[in-house]
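Next comes protein_9.cif, a file with mmCIF, C-alpha atoms and all ligand atoms.
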data_run
#
loop_
_atom_site.group_PDB
_atom_site.id
_atom_site.type_symbol
_atom_site.label_atom_id
_atom_site.label_comp_id
_atom_site.auth_asym_id
_atom_site.auth_seq_id
_atom_site.Cartn_x
_atom_site.Cartn_y
_atom_site.Cartn_z
ATOM 1 C CA MET A 1 14.539 -30.615 26.024
ATOM 2 C CA ILE A 2 11.900 -32.252 23.836
ATOM 3 C CA LYS A 3 13.519 -35.042 21.812
ATOM 4 C CA TYR A 4 10.575 -36.980 20.405
ATOM 5 C CA HIS A 5 7.234 -36.698 18.681
ATOM 6 C CA ASN A 6 4.847 -39.533 17.873
ATOM 7 C CA ILE A 7 4.039 -39.766 14.153
ATOM 8 C CA ASN A 8 1.225 -42.202 13.357
ATOM 9 C CA GLY A 9 2.069 -44.371 16.350
ATOM 10 C CA ILE A 10 5.858 -44.312 16.044
ATOM 11 C CA ILE A 11 7.981 -42.416 18.542
ATOM 12 C CA THR A 12 10.261 -40.448 16.254
ATOM 13 C CA PRO A 13 13.148 -38.043 16.943
ATOM 14 C CA VAL A 14 12.018 -34.431 16.418
ATOM 15 C CA GLU A 15 14.545 -33.881 13.617
ATOM 16 C CA GLU A 16 13.157 -36.893 11.712
ATOM 17 C CA SER A 17 9.465 -36.011 12.162
ATOM 18 C CA PHE A 18 8.093 -35.268 8.701
ATOM 19 C CA VAL A 19 4.888 -35.455 6.701
ATOM 20 C CA HIS A 20 4.683 -36.378 3.041
ATOM 21 C CA VAL A 21 4.265 -33.647 0.430
ATOM 22 C CA SER A 22 0.870 -35.132 -0.527
ATOM 23 C CA GLU A 23 -0.504 -34.243 2.943
ATOM 24 C CA LEU A 24 -3.941 -32.580 2.604
ATOM 25 C CA ALA A 25 -3.159 -30.094 5.366
ATOM 26 C CA LEU A 26 -0.559 -28.614 2.993
ATOM 27 C CA HIS A 27 -2.718 -28.707 -0.124
ATOM 28 C CA ARG A 28 -6.136 -27.817 1.244
ATOM 29 C CA GLY A 29 -5.650 -26.718 4.841
ATOM 30 C CA TYR A 30 -7.616 -29.735 6.071
ATOM 31 C CA GLY A 31 -6.852 -30.570 9.670
ATOM 32 C CA ILE A 32 -7.541 -30.012 13.356
ATOM 33 C CA PHE A 33 -5.454 -29.912 16.489
ATOM 34 C CA ASP A 34 -5.556 -29.405 20.201
ATOM 35 C CA TYR A 35 -2.969 -28.170 22.639
ATOM 36 C CA PHE A 36 -2.567 -28.515 26.379
ATOM 37 C CA LEU A 37 -0.010 -28.100 29.106
ATOM 38 C CA VAL A 38 1.615 -30.972 30.953
ATOM 39 C CA LYS A 39 2.535 -30.397 34.596
ATOM 40 C CA GLU A 40 4.491 -32.906 36.652
ATOM 41 C CA GLY A 41 4.010 -35.382 33.804
ATOM 42 C CA GLN A 42 0.210 -35.039 33.893
ATOM 43 C CA PRO A 43 -1.788 -33.358 31.105
ATOM 44 C CA VAL A 44 -3.849 -30.553 32.634
ATOM 45 C CA PHE A 45 -7.637 -31.036 32.203
ATOM 46 C CA PHE A 46 -6.866 -34.041 30.001
ATOM 47 C CA ASP A 47 -10.444 -35.164 29.295
ATOM 48 C CA ASP A 48 -11.651 -31.627 28.499
ATOM 49 C CA TYR A 49 -9.086 -31.298 25.722
ATOM 50 C CA LEU A 50 -9.755 -34.789 24.403
ATOM 51 C CA ASP A 51 -13.512 -34.075 24.424
ATOM 52 C CA ARG A 52 -12.890 -30.988 22.294
ATOM 53 C CA PHE A 53 -10.425 -32.798 20.025
ATOM 54 C CA GLU A 54 -12.894 -35.624 19.401
ATOM 55 C CA ALA A 55 -15.734 -33.159 18.771
ATOM 56 C CA SER A 56 -13.551 -31.210 16.289
ATOM 57 C CA ALA A 57 -12.706 -34.481 14.497
ATOM 58 C CA ARG A 58 -16.397 -35.445 14.247
ATOM 59 C CA THR A 59 -17.420 -32.067 12.831
ATOM 60 C CA MET A 60 -14.603 -32.232 10.283
ATOM 61 C CA TYR A 61 -15.285 -35.884 9.288
ATOM 62 C CA LEU A 62 -11.774 -36.857 10.332
ATOM 63 C CA ASP A 63 -11.491 -40.303 11.945
ATOM 64 C CA ILE A 64 -9.269 -40.607 14.998
ATOM 65 C CA PRO A 65 -7.734 -44.074 14.578
ATOM 66 C CA LEU A 66 -7.669 -44.656 18.367
ATOM 67 C CA THR A 67 -10.078 -44.997 21.261
ATOM 68 C CA ARG A 68 -9.861 -42.397 24.055
ATOM 69 C CA ALA A 69 -7.905 -44.868 26.207
ATOM 70 C CA GLN A 70 -5.454 -45.669 23.399
ATOM 71 C CA LEU A 71 -4.955 -41.978 22.654
ATOM 72 C CA LYS A 72 -4.213 -41.304 26.324
ATOM 73 C CA THR A 73 -1.718 -44.179 26.414
ATOM 74 C CA ARG A 74 0.030 -42.812 23.335
ATOM 75 C CA ILE A 75 0.267 -39.355 24.899
ATOM 76 C CA TYR A 76 1.597 -40.710 28.214
ATOM 77 C CA GLU A 77 4.181 -42.762 26.297
ATOM 78 C CA LEU A 78 5.430 -39.642 24.546
ATOM 79 C CA ILE A 79 5.581 -37.711 27.825
ATOM 80 C CA ALA A 80 7.596 -40.567 29.335
ATOM 81 C CA ALA A 81 9.935 -40.745 26.313
ATOM 82 C CA ASN A 82 10.667 -37.020 26.507
ATOM 83 C CA ASN A 83 10.916 -37.104 30.285
ATOM 84 C CA VAL A 84 10.219 -33.359 30.585
ATOM 85 C CA PRO A 85 7.664 -33.101 33.416
ATOM 86 C CA ASN A 86 6.539 -29.545 32.589
ATOM 87 C CA SER A 87 5.882 -29.335 28.874
ATOM 88 C CA ALA A 88 3.048 -29.138 26.351
ATOM 89 C CA ILE A 89 1.412 -31.488 23.871
ATOM 90 C CA LYS A 90 -0.116 -30.722 20.501
ATOM 91 C CA ILE A 91 -2.305 -33.421 18.942
ATOM 92 C CA LEU A 92 -2.602 -32.848 15.233
ATOM 93 C CA LEU A 93 -5.018 -34.774 13.020
ATOM 94 C CA THR A 94 -4.774 -33.933 9.362
ATOM 95 C CA GLY A 95 -6.504 -34.944 6.129
ATOM 96 C CA GLY A 96 -3.547 -37.248 5.435
ATOM 97 C CA ASN A 97 -1.676 -38.226 2.316
ATOM 98 C CA SER A 98 -3.830 -37.930 -0.786
ATOM 99 C CA SER A 99 -2.877 -39.289 -4.200
ATOM 100 C CA ASP A 100 -4.810 -36.581 -6.084
ATOM 101 C CA GLY A 101 -4.139 -33.773 -3.594
ATOM 102 C CA TYR A 102 -7.865 -33.391 -2.870
ATOM 103 C CA THR A 103 -9.562 -36.654 -1.873
ATOM 104 C CA PRO A 104 -9.115 -37.655 1.786
ATOM 105 C CA GLU A 105 -7.785 -41.195 2.263
ATOM 106 C CA LYS A 106 -6.379 -41.866 5.754
ATOM 107 C CA PRO A 107 -5.754 -39.124 8.339
ATOM 108 C CA ASN A 108 -2.320 -38.606 9.865
ATOM 109 C CA LEU A 109 -2.235 -38.430 13.655
ATOM 110 C CA MET A 110 0.740 -36.619 15.102
ATOM 111 C CA ILE A 111 1.383 -36.089 18.791
ATOM 112 C CA LEU A 112 3.991 -33.433 19.246
ATOM 113 C CA GLY A 113 5.890 -32.447 22.358
ATOM 114 C CA PHE A 114 6.803 -28.819 23.034
ATOM 115 C CA MET A 115 8.168 -26.606 25.717
ATOM 116 C CA PRO A 116 5.386 -24.242 26.826
ATOM 117 C CA PRO A 117 5.826 -20.599 25.787
ATOM 118 C CA VAL A 118 7.450 -18.289 28.302
ATOM 119 C CA TYR A 119 5.866 -14.850 28.372
ATOM 120 C CA PRO A 120 8.031 -11.866 29.272
ATOM 121 C CA GLN A 121 7.454 -10.718 32.857
ATOM 122 C CA GLU A 122 6.779 -7.196 31.559
ATOM 123 C CA LEU A 123 3.821 -8.549 29.586
ATOM 124 C CA LEU A 124 2.505 -10.557 32.534
ATOM 125 C CA ASN A 125 2.672 -7.511 34.793
ATOM 126 C CA ASN A 126 1.471 -4.892 32.340
ATOM 127 C CA GLY A 127 -1.067 -6.739 30.208
ATOM 128 C CA TYR A 128 -2.075 -6.941 26.583
ATOM 129 C CA ARG A 129 -2.895 -4.220 24.099
ATOM 130 C CA LEU A 130 -5.468 -5.463 21.562
ATOM 131 C CA MET A 131 -6.374 -4.214 18.125
ATOM 132 C CA THR A 132 -9.967 -4.736 16.978
ATOM 133 C CA HIS A 133 -10.336 -6.588 13.706
ATOM 134 C CA GLU A 134 -13.511 -7.453 11.821
ATOM 135 C CA HIS A 135 -13.564 -11.222 11.465
ATOM 136 C CA ILE A 136 -15.160 -14.456 12.673
ATOM 137 C CA ARG A 137 -13.190 -17.686 12.462
ATOM 138 C CA ASP A 138 -14.588 -20.309 10.072
ATOM 139 C CA ILE A 139 -16.325 -23.132 11.979
ATOM 140 C CA ALA A 140 -15.383 -21.205 15.104
ATOM 141 C CA GLU A 141 -16.199 -24.000 17.585
ATOM 142 C CA VAL A 142 -13.638 -26.276 15.911
ATOM 143 C CA LYS A 143 -9.904 -25.965 16.520
ATOM 144 C CA THR A 144 -8.959 -26.122 12.855
ATOM 145 C CA ILE A 145 -5.408 -25.485 11.693
ATOM 146 C CA ASN A 146 -6.526 -22.287 9.933
ATOM 147 C CA TYR A 147 -5.129 -19.209 11.700
ATOM 148 C CA VAL A 148 -4.454 -17.250 8.504
ATOM 149 C CA ALA A 149 -6.642 -14.280 9.503
ATOM 150 C CA SER A 150 -4.546 -13.633 12.593
ATOM 151 C CA LEU A 151 -1.251 -14.192 10.791
ATOM 152 C CA LEU A 152 -2.286 -11.619 8.195
ATOM 153 C CA VAL A 153 -2.736 -8.890 10.804
ATOM 154 C CA ASN A 154 0.656 -9.456 12.434
ATOM 155 C CA LYS A 155 2.299 -6.668 10.462
ATOM 156 C CA LYS A 156 -0.419 -4.204 11.425
ATOM 157 C CA LEU A 157 -0.198 -5.294 15.072
ATOM 158 C CA ARG A 158 3.503 -4.498 15.075
ATOM 159 C CA GLU A 159 2.903 -1.107 13.429
ATOM 160 C CA LEU A 160 0.289 -0.218 16.059
ATOM 161 C CA ASN A 161 2.351 -1.629 18.914
ATOM 162 C CA ALA A 162 -0.462 -4.049 19.806
ATOM 163 C CA HIS A 163 -0.006 -7.642 21.004
ATOM 164 C CA ASP A 164 -3.029 -9.372 19.523
ATOM 165 C CA VAL A 165 -6.399 -8.954 17.804
ATOM 166 C CA LEU A 166 -9.911 -8.753 19.156
ATOM 167 C CA TYR A 167 -12.294 -10.196 16.569
ATOM 168 C CA HIS A 168 -15.715 -8.604 16.144
ATOM 169 C CA LYS A 169 -18.487 -8.604 13.565
ATOM 170 C CA ASN A 170 -21.665 -6.497 13.331
ATOM 171 C CA GLY A 171 -20.761 -4.809 16.610
ATOM 172 C CA LEU A 172 -20.400 -8.103 18.504
ATOM 173 C CA ILE A 173 -17.135 -9.329 19.975
ATOM 174 C CA SER A 174 -16.157 -12.987 19.630
ATOM 175 C CA GLU A 175 -12.599 -13.760 20.760
ATOM 176 C CA SER A 176 -8.917 -13.058 20.246
ATOM 177 C CA SER A 177 -6.608 -14.984 17.900
ATOM 178 C CA ARG A 178 -5.802 -17.757 20.415
ATOM 179 C CA SER A 179 -7.757 -16.842 23.524
ATOM 180 C CA ASN A 180 -11.243 -16.113 24.808
ATOM 181 C CA PHE A 181 -12.346 -12.670 25.906
ATOM 182 C CA PHE A 182 -13.914 -11.502 29.170
ATOM 183 C CA LEU A 183 -14.792 -8.140 30.624
ATOM 184 C CA VAL A 184 -15.508 -7.061 34.181
ATOM 185 C CA LYS A 185 -18.280 -4.499 34.573
ATOM 186 C CA GLN A 186 -18.139 -1.638 37.067
ATOM 187 C CA ASP A 187 -20.201 -3.732 39.539
ATOM 188 C CA ASN A 188 -17.709 -6.657 39.160
ATOM 189 C CA THR A 189 -20.053 -8.764 36.991
ATOM 190 C CA ILE A 190 -17.950 -11.050 34.785
ATOM 191 C CA VAL A 191 -19.118 -11.119 31.175
ATOM 192 C CA THR A 192 -17.924 -13.349 28.366
ATOM 193 C CA THR A 193 -18.985 -13.918 24.779
ATOM 194 C CA ALA A 194 -21.360 -16.772 23.985
ATOM 195 C CA ARG A 195 -20.999 -17.537 20.286
ATOM 196 C CA ASP A 196 -18.702 -17.605 17.257
ATOM 197 C CA ILE A 197 -15.854 -18.743 19.482
ATOM 198 C CA LEU A 198 -13.689 -21.712 20.252
ATOM 199 C CA PHE A 199 -15.052 -22.931 23.590
ATOM 200 C CA GLY A 200 -11.834 -22.644 25.549
ATOM 201 C CA VAL A 201 -11.082 -25.140 28.273
ATOM 202 C CA THR A 202 -9.599 -22.304 30.361
ATOM 203 C CA ARG A 203 -12.763 -20.237 29.748
ATOM 204 C CA LYS A 204 -14.894 -23.116 31.022
ATOM 205 C CA HIS A 205 -12.959 -23.472 34.284
ATOM 206 C CA ILE A 206 -12.653 -19.728 34.839
ATOM 207 C CA LEU A 207 -16.443 -19.423 34.458
ATOM 208 C CA THR A 208 -16.982 -22.173 37.037
ATOM 209 C CA LEU A 209 -14.584 -20.490 39.471
ATOM 210 C CA ALA A 210 -16.002 -17.018 38.793
ATOM 211 C CA GLU A 211 -19.562 -18.162 39.526
ATOM 212 C CA LYS A 212 -18.576 -18.899 43.129
ATOM 213 C CA HIS A 213 -17.504 -15.300 43.749
ATOM 214 C CA TYR A 214 -19.138 -13.033 41.169
ATOM 215 C CA LYS A 215 -22.210 -12.567 39.047
ATOM 216 C CA VAL A 216 -21.496 -14.098 35.639
ATOM 217 C CA GLU A 217 -23.090 -13.377 32.257
ATOM 218 C CA VAL A 218 -22.436 -15.484 29.144
ATOM 219 C CA ARG A 219 -24.046 -13.595 26.283
ATOM 220 C CA ASP A 220 -23.554 -11.381 23.254
ATOM 221 C CA VAL A 221 -21.024 -8.678 24.090
ATOM 222 C CA PHE A 222 -21.033 -5.409 22.183
ATOM 223 C CA LEU A 223 -17.809 -3.672 21.297
ATOM 224 C CA ASP A 224 -19.122 -0.446 22.876
ATOM 225 C CA GLU A 225 -19.459 -2.150 26.269
ATOM 226 C CA VAL A 226 -15.774 -2.854 26.449
ATOM 227 C CA PHE A 227 -14.794 0.759 26.588
ATOM 228 C CA SER A 228 -16.745 1.351 29.801
ATOM 229 C CA ALA A 229 -15.529 -1.874 31.433
ATOM 230 C CA LYS A 230 -13.602 -1.817 34.684
ATOM 231 C CA GLU A 231 -11.315 -4.614 33.498
ATOM 232 C CA ALA A 232 -10.897 -6.887 30.506
ATOM 233 C CA PHE A 233 -8.940 -10.111 30.213
ATOM 234 C CA LEU A 234 -8.130 -13.018 27.933
ATOM 235 C CA SER A 235 -8.095 -16.684 28.841
ATOM 236 C CA SER A 236 -6.062 -19.467 27.315
ATOM 237 C CA SER A 237 -4.271 -22.655 28.248
ATOM 238 C CA THR A 238 -0.864 -21.018 28.233
ATOM 239 C CA LYS A 239 -1.882 -17.707 29.840
ATOM 240 C CA GLY A 240 -4.616 -18.467 32.375
ATOM 241 C CA ALA A 241 -6.523 -15.194 32.946
ATOM 242 C CA PHE A 242 -4.474 -12.452 31.393
ATOM 243 C CA PRO A 243 -5.176 -8.691 31.622
ATOM 244 C CA VAL A 244 -6.050 -6.516 28.631
ATOM 245 C CA ILE A 245 -5.170 -2.910 29.337
ATOM 246 C CA LYS A 246 -5.837 -1.233 26.014
ATOM 247 C CA ILE A 247 -8.126 -1.844 23.028
ATOM 248 C CA ASP A 248 -7.251 0.268 19.988
ATOM 249 C CA SER A 249 -6.592 3.691 21.507
ATOM 250 C CA ASN A 250 -8.870 3.135 24.521
ATOM 251 C CA GLN A 251 -7.419 2.398 27.913
ATOM 252 C CA ILE A 252 -9.429 -0.221 29.850
ATOM 253 C CA GLY A 253 -10.122 0.723 33.468
ATOM 254 C CA ASP A 254 -7.044 2.222 35.048
ATOM 255 C CA GLY A 255 -4.786 0.442 32.540
ATOM 256 C CA LYS A 256 -3.343 -1.932 35.130
ATOM 257 C CA PHE A 257 -3.698 -5.600 36.096
ATOM 258 C CA GLY A 258 -7.214 -5.386 37.603
ATOM 259 C CA LYS A 259 -8.106 -6.828 41.013
ATOM 260 C CA VAL A 260 -10.801 -9.180 39.684
ATOM 261 C CA THR A 261 -8.537 -10.504 36.915
ATOM 262 C CA LEU A 262 -5.772 -11.038 39.444
ATOM 263 C CA HIS A 263 -8.194 -12.858 41.752
ATOM 264 C CA LEU A 264 -9.445 -15.147 38.962
ATOM 265 C CA ASN A 265 -5.912 -15.782 37.815
ATOM 266 C CA SER A 266 -4.856 -16.918 41.256
ATOM 267 C CA LEU A 267 -8.042 -19.021 41.703
ATOM 268 C CA PHE A 268 -7.267 -20.671 38.370
ATOM 269 C CA ASP A 269 -3.625 -21.384 39.294
ATOM 270 C CA THR A 270 -4.720 -23.017 42.550
ATOM 271 C CA TYR A 271 -7.374 -25.014 40.706
ATOM 272 C CA VAL A 272 -4.786 -26.321 38.207
ATOM 273 C CA GLU A 273 -2.464 -27.314 41.066
ATOM 274 C CA LYS A 274 -5.336 -29.158 42.748
ATOM 275 C CA TYR A 275 -6.221 -30.947 39.497
ATOM 276 C CA ILE A 276 -2.617 -32.074 39.099
ATOM 277 C CA SER A 277 -2.272 -33.341 42.658
ATOM 278 C CA LEU A 278 -5.594 -35.235 42.465
ATOM 279 C CA ASN A 279 -4.910 -36.765 39.063
ATOM 280 C CA LYS A 280 -1.311 -37.703 39.766
ATOM 281 C CA LYS A 281 -2.608 -40.062 42.464
ATOM 282 C CA ALA A 282 -4.824 -41.773 39.919
ATOM 283 C CA ILE A 283 -2.002 -42.631 37.492
HETATM 284 C C1 LIG A 301 -9.262 -19.288 18.551
HETATM 285 C C2 LIG A 301 -9.038 -19.670 19.974
HETATM 286 N N1 LIG A 301 -9.894 -19.232 20.918
HETATM 287 C C3 LIG A 301 -9.728 -19.544 22.221
HETATM 288 C C4 LIG A 301 -8.658 -20.314 22.643
HETATM 289 C C5 LIG A 301 -8.482 -20.630 24.109
HETATM 290 O O1 LIG A 301 -8.750 -21.987 24.361
HETATM 291 P P1 LIG A 301 -8.079 -22.794 25.561
HETATM 292 O O2 LIG A 301 -8.459 -22.087 26.825
HETATM 293 O O3 LIG A 301 -8.688 -24.148 25.479
HETATM 294 O O4 LIG A 301 -6.605 -22.772 25.344
HETATM 295 C C6 LIG A 301 -7.747 -20.796 21.690
HETATM 296 C C7 LIG A 301 -6.602 -21.626 22.118
HETATM 297 O O5 LIG A 301 -5.675 -21.857 21.423
HETATM 298 C C8 LIG A 301 -7.943 -20.461 20.323
HETATM 299 O O6 LIG A 301 -7.088 -20.899 19.378
#

For this file, write the structure as structure tokens.
Amino acid sequence: MIKYHNINGIITPVEESFVHVSELALHRGYGIFDYFLVKEGQPVFFDDYLDRFEASARTMYLDIPLTRAQLKTRIYELIAANNVPNSAIKILLTGGNSSDGYTPEKPNLMILGFMPPVYPQELLNNGYRLMTHEHIRDIAEVKTINYVASLLVNKKLRELNAHDVLYHKNGLISESSRSNFFLVKQDNTIVTTARDILFGVTRKHILTLAEKHYKVEVRDVFLDEVFSAKEAFLSSSTKGAFPVIKIDSNQIGDGKFGKVTLHLNSLFDTYVEKYISLNKKAI
């Protein structure tokens, strides 16, 4: 069980981890975060996530009060305090307490421990049903704390018996609420979207793995193309490569976990295991 978070440098019991009411994230939605899995006590693809976190902070003019090495030390200390080898970490950097509720003063840096989500086996075996939704995330390449657009469609998702959204605009697909989108063409070419997305760490590694076995295209993807795809899948830190079997009322391929998706998923799992075994030695 996760017992501690780290709030501005202090390891704090979860039930005592608070922010002040003057926090700008509450008043103005000003903040960024990142999220990664921890396996055998080692953050998976640690530097990739910290690269993205630091880039998000720069774009948002939020100062991280630590060097990369200090941030890593703080994260390892929290992992050690919780002593849960397989877990997840969220690093949250917010606008901070503001006396007038608008002017940034000093950011708050919170490192939070979590248990990773457990997806029902039925979902893992049978795949996701997506609902298209016209939207592009603001400052899409930054992992801001703003997920309002996806929260607003939750009711509709439930009504339509869909699991998540597929964002598109002007006929072009971008991504899902918390994952990147790929399709597999009839000739097994892997295609993923190139812009208006968060550049997922999982996406990056899946592309590298895919290039060794398949033709890969990173480009604009039109909504129409999806309906003639052989397979479609999502990628994210918590899901790896995850099949999409239906988009709106259209079945994708034969509506099952496709062979190419399955292959990439197993390549990715092996790659993560290798990363962990190599990096554990370096600790
Ligand atoms: C909007 C969005 N796109 C894509 C992703 C997938 O990124 P990653 O593979 O780094 O988890 C996420 C992850 O949370 C996300 O929030």

- Task: Please identify the residues whose atoms come within 9 Å of ligand LIG 301 (chain A), using all atoms listed in the file, and report them as an NGL selection string.
- Result: :A and (34-36 or 48-49 or 52 or 137 or 140-144 or 147 or 174-181 or 197-205 or 234-240)

- Item | Target residues per the PyMOL selection byres (((chain A and resi 60) around 9) and not hetatm), formatted as an MDAnalysis selection string | chainID A and resid 30:32 55:59 61:63 142 144

- Message: Please enumerate the residues selected by the PyMOL selection byres (((chain A and resi 69-78) around 9) and not hetatm) when evaluated against the supplied file, formatted as an NGL selection string.
- Response: :A and (4-6 or 9 or 11 or 41-43 or 46 or 50 or 64-68 or 79-83 or 89 or 91 or 111-113)

- Query: Where does the PyMOL selection byres (((chain A and resi 129-135) around 7) and not hetatm) land in this file, that is, which residues does it pick, as a list of chain:residue names?
  - Reply: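 This file, filtered by the PyMOL selection byres (((chain A and resi 129-135) around 7) and not hetatm), leaves A:Gly127, A:Tyr128, A:Ile136, A:Arg137, A:Leu157, A:Ala162, A:His163, A:Asp164, A:Val165, A:Leu166, A:Tyr167, A:His168, A:Lys169, A:Val244, A:Ile245, A:Lys246, A:Ile247, A:Asp248.
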
- Query: With all atoms listed in the file as the basis for distance, which of A:Thr261, A:Ser98, A:Ser150, A:Ser228 is at the shortest distance from Leu124 in chain A?
  - Reply: A:Thr261

- Message: Which residue is closest to Asn126 in chain A? Choose from A:Leu93, A:Ala194, A:Ile139, A:Leu262 and count only C-alpha atoms.
- Response: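 Closest residue, counting only C-alpha atoms: A:Leu262.
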
- Message: Measuring between only C-alpha atoms, which one of A:Gly171, A:Gly29, A:Gly255, A:Pro13 shows the shortest distance to Gly96 in chain A?
- Response: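 Ranking A:Gly171, A:Gly29, A:Gly255, A:Pro13 by distance to Gly96 in chain A, first place goes to A:Gly29.
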
- Message: Just want the 12 Å neighbourhood of Glu217 in chain A, counted on only C-alpha atoms, with same-chain residues fewer than 2 positions away dropped. Output as a PyMOL selection string.
- Response: chain A and resi 182-185+188-194+207-208+210-211+214-215+219-221

- Tell me which protein, DNA and RNA residues are within 10 Å of Gln186 in chain A, counting all atoms listed in the file, leaving out same-chain ones fewer than 6 positions away, and put them as a PyMOL selection string. chain A and resi 228-231+253

- How many Å lie between CA of Leu92 in chain A and CA of Leu109 in chain A, rounded to one decimal?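 Value for the CA of Leu92 in chain A-CA of Leu109 in chain A distance: 5.8 Å.
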
- Find, counting all atoms listed in the file, the residue in A:Val272, A:Val14, A:Val118, A:Leu160 that gets nearest to Ser249 in chain A.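 Of the candidates, the smallest distance to Ser249 in chain A is held by A:Leu160.
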
- Message: Quick check, in Å to one decimal: how far apart do CA of Lys155 in chain A and CA of Glu23 in chain A lie?
- Response: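 CA of Glu23 in chain A lies at a distance of 28.7 Å from CA of Lys155 in chain A.
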
- Item | Separation of CA of Phe242 in chain A from CA of Ser266 in chain A, in Å and rounded to one decimal |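 Atom-to-atom, CA of Phe242 in chain A to CA of Ser266 in chain A, that is 10.8 Å.
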
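Restricting the calculation to all atoms listed in the file, the smallest distance between Gln251 in chain A and any of A:Leu172, A:Ile145, A:Val226, A:Thr270 is found for A:Val226.
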
- Would you kindly return, as number ranges by chain, each protein, DNA or RNA residue with an atom no farther than 7 Å from any atom of Ala88 in chain A, considering only C-alpha atoms and excluding same-chain residues fewer than 5 positions away? A: 36-38, 113-116

- With distances taken over all atoms listed in the file, which of A:Lys3, A:His263, A:Lys90, A:Arg195 is nearest to Ser17 in chain A?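 Of all the options, A:Lys3 lies closest to Ser17 in chain A.
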
- What lies within 10 Å of Leu24 in chain A using only C-alpha atoms, ignoring chain neighbours under 5 positions off, as JSON, numbers by chain? {"A": [29, 30, 31, 94, 95, 96, 97, 98, 99, 100, 101, 102, 103, 104, 105, 107, 108]}

With C-alpha atoms retained, write the just-selected residues as a compact mmCIF listing (two decimals), in the coordinates of the input.
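Output below, filename selection_36.txt:
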# COMPACT_ATOMS: atom_id res chain seq x y z
CA GLY A 29 -5.65 -26.72 4.84
CA TYR A 30 -7.62 -29.74 6.07
CA GLY A 31 -6.85 -30.57 9.67
CA THR A 94 -4.77 -33.93 9.36
CA GLY A 95 -6.50 -34.94 6.13
CA GLY A 96 -3.55 -37.25 5.44
CA ASN A 97 -1.68 -38.23 2.32
CA SER A 98 -3.83 -37.93 -0.79
CA SER A 99 -2.88 -39.29 -4.20
CA ASP A 100 -4.81 -36.58 -6.08
CA GLY A 101 -4.14 -33.77 -3.59
CA TYR A 102 -7.86 -33.39 -2.87
CA THR A 103 -9.56 -36.65 -1.87
CA PRO A 104 -9.12 -37.66 1.79
CA GLU A 105 -7.78 -41.20 2.26
CA PRO A 107 -5.75 -39.12 8.34
CA ASN A 108 -2.32 -38.61 9.86
